[in-house]
Amino acid sequence: MTCSMSRKGNCWDNAPTESGFNSFKNERVHGIAYASHADMRAASFEYIEVFYNRKRLHSTLGYRSPVQFLEHWVSQQTQEKLVA
């Protein structure tokens with residue numbers, strides 16, 4: 001991965017993050033009234049760690065979840081080292 005170090009306010013640097021927050025807000029925040037801060041935190045954790053990272057398919061990752069994409073990438077790196 002390459003860290004983005006472009007100029008301040010470049011919207012293209014923030015696009016993936018903004019897209020993720022948009023999905024989160026639309027799927028878990030808007031229209032839902034949580035009884036407490038703890039309930040909101042629990043729902044946020046469940047959405048990000050359980051659903052978004054492990055189950056939700058992402059078109060930019062070849063319709064795989066981030067966890068599946070990472071596992072595939074790691075296996076490719078391991079295979080490349082074995083071949084070299």
# chains A, B, ... in the order shown; residues from 1 in each chain; ligands from 1
>>> residues_around(residues="Ala43 (chain A)", least_positions_apart="6", cutoff="10 Å", atoms="only C-alpha atoms", output="mmCIF file with N, CA and C atoms, in the first residue's frame")
data_model
loop_
_atom_site.group_PDB
_atom_site.id
_atom_site.type_symbol
_atom_site.label_atom_id
_atom_site.label_comp_id
_atom_site.auth_asym_id
_atom_site.auth_seq_id
_atom_site.Cartn_x
_atom_site.Cartn_y
_atom_site.Cartn_z
ATOM 1 N N ARG A 28 -26.969 2.067 8.918
ATOM 2 C CA ARG A 28 -27.058 1.849 10.353
ATOM 3 C C ARG A 28 -27.360 3.071 11.205
ATOM 4 N N VAL A 29 -27.367 4.261 10.644
ATOM 5 C CA VAL A 29 -27.553 5.443 11.477
ATOM 6 C C VAL A 29 -28.877 6.138 11.184
ATOM 7 N N TYR A 34 -31.333 4.933 18.815
ATOM 8 C CA TYR A 34 -30.689 4.042 19.775
ATOM 9 C C TYR A 34 -31.034 4.486 21.194
ATOM 10 N N HIS A 37 -25.915 5.393 24.285
ATOM 11 C CA HIS A 37 -24.628 5.483 23.589
ATOM 12 C C HIS A 37 -24.021 4.086 23.439
#
>>> select_by_dssp(residues="chain A", states="alpha helix (DSSP H)", output="VMD selection string")
chain A and resid 11 to 24 37 to 45 66 to 83
>>> residues_around(residues="region 47-60 of chain A", least_positions_apart="4", cutoff="12 Å", atoms="only C-alpha atoms", output="VMD selection string")
chain A and resid 16 19 to 21 23 to 29 40 to 43 64 to 71
>>> write_last_selection(atoms="N, CA and C atoms", output="CSV table (one decimal), in the first residue's frame")
chain,number,residue,atom,x,y,z
A,16,PRO,N,-12.7,6.9,-0.9
A,16,PRO,CA,-13.0,5.6,-0.3
A,16,PRO,C,-13.5,5.7,1.1
A,19,SER,N,-17.0,7.1,1.1
A,19,SER,CA,-18.0,6.1,0.7
A,19,SER,C,-18.3,5.1,1.8
A,20,GLY,N,-17.3,4.7,2.5
A,20,GLY,CA,-17.6,3.8,3.7
A,20,GLY,C,-18.4,4.5,4.7
A,21,PHE,N,-18.2,5.7,5.0
A,21,PHE,CA,-19.0,6.4,6.0
A,21,PHE,C,-20.4,6.6,5.5
A,23,SER,N,-22.0,4.6,3.5
A,23,SER,CA,-22.7,3.3,3.6
A,23,SER,C,-23.1,3.1,5.1
A,24,PHE,N,-22.2,3.4,6.0
A,24,PHE,CA,-22.5,3.2,7.4
A,24,PHE,C,-23.7,4.0,7.9
A,25,LYS,N,-23.7,5.3,7.5
A,25,LYS,CA,-24.8,6.2,7.9
A,25,LYS,C,-26.1,5.8,7.3
A,26,ASN,N,-26.1,5.4,6.0
A,26,ASN,CA,-27.3,5.0,5.4
A,26,ASN,C,-27.9,3.7,5.9
A,27,GLU,N,-27.0,2.7,6.2
A,27,GLU,CA,-27.4,1.4,6.6
A,27,GLU,C,-27.6,1.2,8.1
A,28,ARG,N,-27.0,2.1,8.9
A,28,ARG,CA,-27.1,1.8,10.4
A,28,ARG,C,-27.4,3.1,11.2
A,29,VAL,N,-27.4,4.3,10.6
A,29,VAL,CA,-27.6,5.4,11.5
A,29,VAL,C,-28.9,6.1,11.2
A,40,MET,N,-25.5,2.3,20.5
A,40,MET,CA,-25.0,2.8,19.3
A,40,MET,C,-23.6,2.2,19.0
A,41,ARG,N,-22.8,2.2,20.0
A,41,ARG,CA,-21.4,1.7,19.9
A,41,ARG,C,-21.5,0.2,19.5
A,42,ALA,N,-22.3,-0.6,20.1
A,42,ALA,CA,-22.5,-2.0,19.8
A,42,ALA,C,-22.9,-2.2,18.4
A,43,ALA,N,-23.9,-1.4,18.0
A,43,ALA,CA,-24.4,-1.5,16.6
A,43,ALA,C,-23.3,-1.1,15.6
A,64,ARG,N,-15.8,-9.3,-3.3
A,64,ARG,CA,-15.4,-10.1,-2.1
A,64,ARG,C,-15.5,-9.1,-1.0
A,65,SER,N,-15.5,-9.7,0.2
A,65,SER,CA,-15.5,-8.9,1.4
A,65,SER,C,-14.0,-8.5,1.6
A,66,PRO,N,-13.8,-7.4,2.4
A,66,PRO,CA,-12.4,-7.0,2.7
A,66,PRO,C,-11.6,-8.2,3.3
A,67,VAL,N,-12.2,-9.0,4.2
A,67,VAL,CA,-11.4,-10.1,4.8
A,67,VAL,C,-11.1,-11.1,3.7
A,68,GLN,N,-12.0,-11.4,2.8
A,68,GLN,CA,-11.7,-12.4,1.7
A,68,GLN,C,-10.6,-11.8,0.8
A,69,PHE,N,-10.7,-10.5,0.5
A,69,PHE,CA,-9.7,-9.9,-0.4
A,69,PHE,C,-8.3,-10.0,0.3
A,70,LEU,N,-8.3,-9.7,1.5
A,70,LEU,CA,-7.0,-9.7,2.2
A,70,LEU,C,-6.4,-11.1,2.3
A,71,GLU,N,-7.3,-12.1,2.6
A,71,GLU,CA,-6.8,-13.5,2.6
A,71,GLU,C,-6.3,-14.0,1.3
>>> decode(residues="region 60-80 of chain A", atoms="N, CA and C atoms", output="PDB file, in the first residue's frame")
ATOM      1  N   THR A  60     -15.470  -3.035  -5.828  1.00  0.00           N
ATOM      2  CA  THR A  60     -14.079  -2.690  -6.153  1.00  0.00           C
ATOM      3  C   THR A  60     -13.086  -3.767  -5.720  1.00  0.00           C
ATOM      4  N   LEU A  61     -13.541  -4.732  -4.913  1.00  0.00           N
ATOM      5  CA  LEU A  61     -12.679  -5.833  -4.476  1.00  0.00           C
ATOM      6  C   LEU A  61     -13.050  -7.128  -5.193  1.00  0.00           C
ATOM      7  N   GLY A  62     -13.675  -7.000  -6.362  1.00  0.00           N
ATOM      8  CA  GLY A  62     -14.060  -8.183  -7.111  1.00  0.00           C
ATOM      9  C   GLY A  62     -15.214  -8.933  -6.465  1.00  0.00           C
ATOM     10  N   TYR A  63     -16.114  -8.192  -5.856  1.00  0.00           N
ATOM     11  CA  TYR A  63     -17.281  -8.754  -5.154  1.00  0.00           C
ATOM     12  C   TYR A  63     -16.869  -9.760  -4.085  1.00  0.00           C
ATOM     13  N   ARG A  64     -15.841  -9.350  -3.334  1.00  0.00           N
ATOM     14  CA  ARG A  64     -15.410 -10.095  -2.147  1.00  0.00           C
ATOM     15  C   ARG A  64     -15.473  -9.147  -0.964  1.00  0.00           C
ATOM     16  N   SER A  65     -15.520  -9.720   0.232  1.00  0.00           N
ATOM     17  CA  SER A  65     -15.464  -8.885   1.436  1.00  0.00           C
ATOM     18  C   SER A  65     -14.011  -8.456   1.639  1.00  0.00           C
ATOM     19  N   PRO A  66     -13.770  -7.412   2.434  1.00  0.00           N
ATOM     20  CA  PRO A  66     -12.385  -7.016   2.705  1.00  0.00           C
ATOM     21  C   PRO A  66     -11.557  -8.158   3.306  1.00  0.00           C
ATOM     22  N   VAL A  67     -12.154  -8.973   4.163  1.00  0.00           N
ATOM     23  CA  VAL A  67     -11.422 -10.092   4.760  1.00  0.00           C
ATOM     24  C   VAL A  67     -11.055 -11.118   3.691  1.00  0.00           C
ATOM     25  N   GLN A  68     -12.010 -11.444   2.795  1.00  0.00           N
ATOM     26  CA  GLN A  68     -11.723 -12.390   1.720  1.00  0.00           C
ATOM     27  C   GLN A  68     -10.639 -11.846   0.796  1.00  0.00           C
ATOM     28  N   PHE A  69     -10.716 -10.547   0.489  1.00  0.00           N
ATOM     29  CA  PHE A  69      -9.724  -9.921  -0.376  1.00  0.00           C
ATOM     30  C   PHE A  69      -8.337  -9.994   0.254  1.00  0.00           C
ATOM     31  N   LEU A  70      -8.255  -9.686   1.543  1.00  0.00           N
ATOM     32  CA  LEU A  70      -6.974  -9.729   2.246  1.00  0.00           C
ATOM     33  C   LEU A  70      -6.414 -11.148   2.282  1.00  0.00           C
ATOM     34  N   GLU A  71      -7.265 -12.119   2.590  1.00  0.00           N
ATOM     35  CA  GLU A  71      -6.806 -13.513   2.632  1.00  0.00           C
ATOM     36  C   GLU A  71      -6.273 -13.957   1.275  1.00  0.00           C
ATOM     37  N   HIS A  72      -6.960 -13.574   0.207  1.00  0.00           N
ATOM     38  CA  HIS A  72      -6.508 -13.917  -1.146  1.00  0.00           C
ATOM     39  C   HIS A  72      -5.163 -13.245  -1.444  1.00  0.00           C
ATOM     40  N   TRP A  73      -5.034 -11.980  -1.075  1.00  0.00           N
ATOM     41  CA  TRP A  73      -3.795 -11.246  -1.315  1.00  0.00           C
ATOM     42  C   TRP A  73      -2.626 -11.880  -0.553  1.00  0.00           C
ATOM     43  N   VAL A  74      -2.849 -12.241   0.712  1.00  0.00           N
ATOM     44  CA  VAL A  74      -1.801 -12.864   1.522  1.00  0.00           C
ATOM     45  C   VAL A  74      -1.389 -14.201   0.914  1.00  0.00           C
ATOM     46  N   SER A  75      -2.352 -14.993   0.453  1.00  0.00           N
ATOM     47  CA  SER A  75      -2.006 -16.281  -0.147  1.00  0.00           C
ATOM     48  C   SER A  75      -1.200 -16.095  -1.422  1.00  0.00           C
ATOM     49  N   GLN A  76      -1.524 -15.058  -2.203  1.00  0.00           N
ATOM     50  CA  GLN A  76      -0.737 -14.769  -3.399  1.00  0.00           C
ATOM     51  C   GLN A  76       0.697 -14.398  -3.045  1.00  0.00           C
ATOM     52  N   GLN A  77       0.864 -13.594  -1.996  1.00  0.00           N
ATOM     53  CA  GLN A  77       2.204 -13.192  -1.576  1.00  0.00           C
ATOM     54  C   GLN A  77       3.006 -14.406  -1.130  1.00  0.00           C
ATOM     55  N   THR A  78       2.371 -15.302  -0.403  1.00  0.00           N
ATOM     56  CA  THR A  78       3.036 -16.521   0.074  1.00  0.00           C
ATOM     57  C   THR A  78       3.448 -17.397  -1.097  1.00  0.00           C
ATOM     58  N   GLN A  79       2.558 -17.543  -2.076  1.00  0.00           N
ATOM     59  CA  GLN A  79       2.874 -18.357  -3.263  1.00  0.00           C
ATOM     60  C   GLN A  79       4.020 -17.750  -4.053  1.00  0.00           C
ATOM     61  N   GLU A  80       4.049 -16.433  -4.176  1.00  0.00           N
ATOM     62  CA  GLU A  80       5.135 -15.770  -4.891  1.00  0.00           C
ATOM     63  C   GLU A  80       6.476 -16.003  -4.203  1.00  0.00           C
TER      64      GLU A  80
END
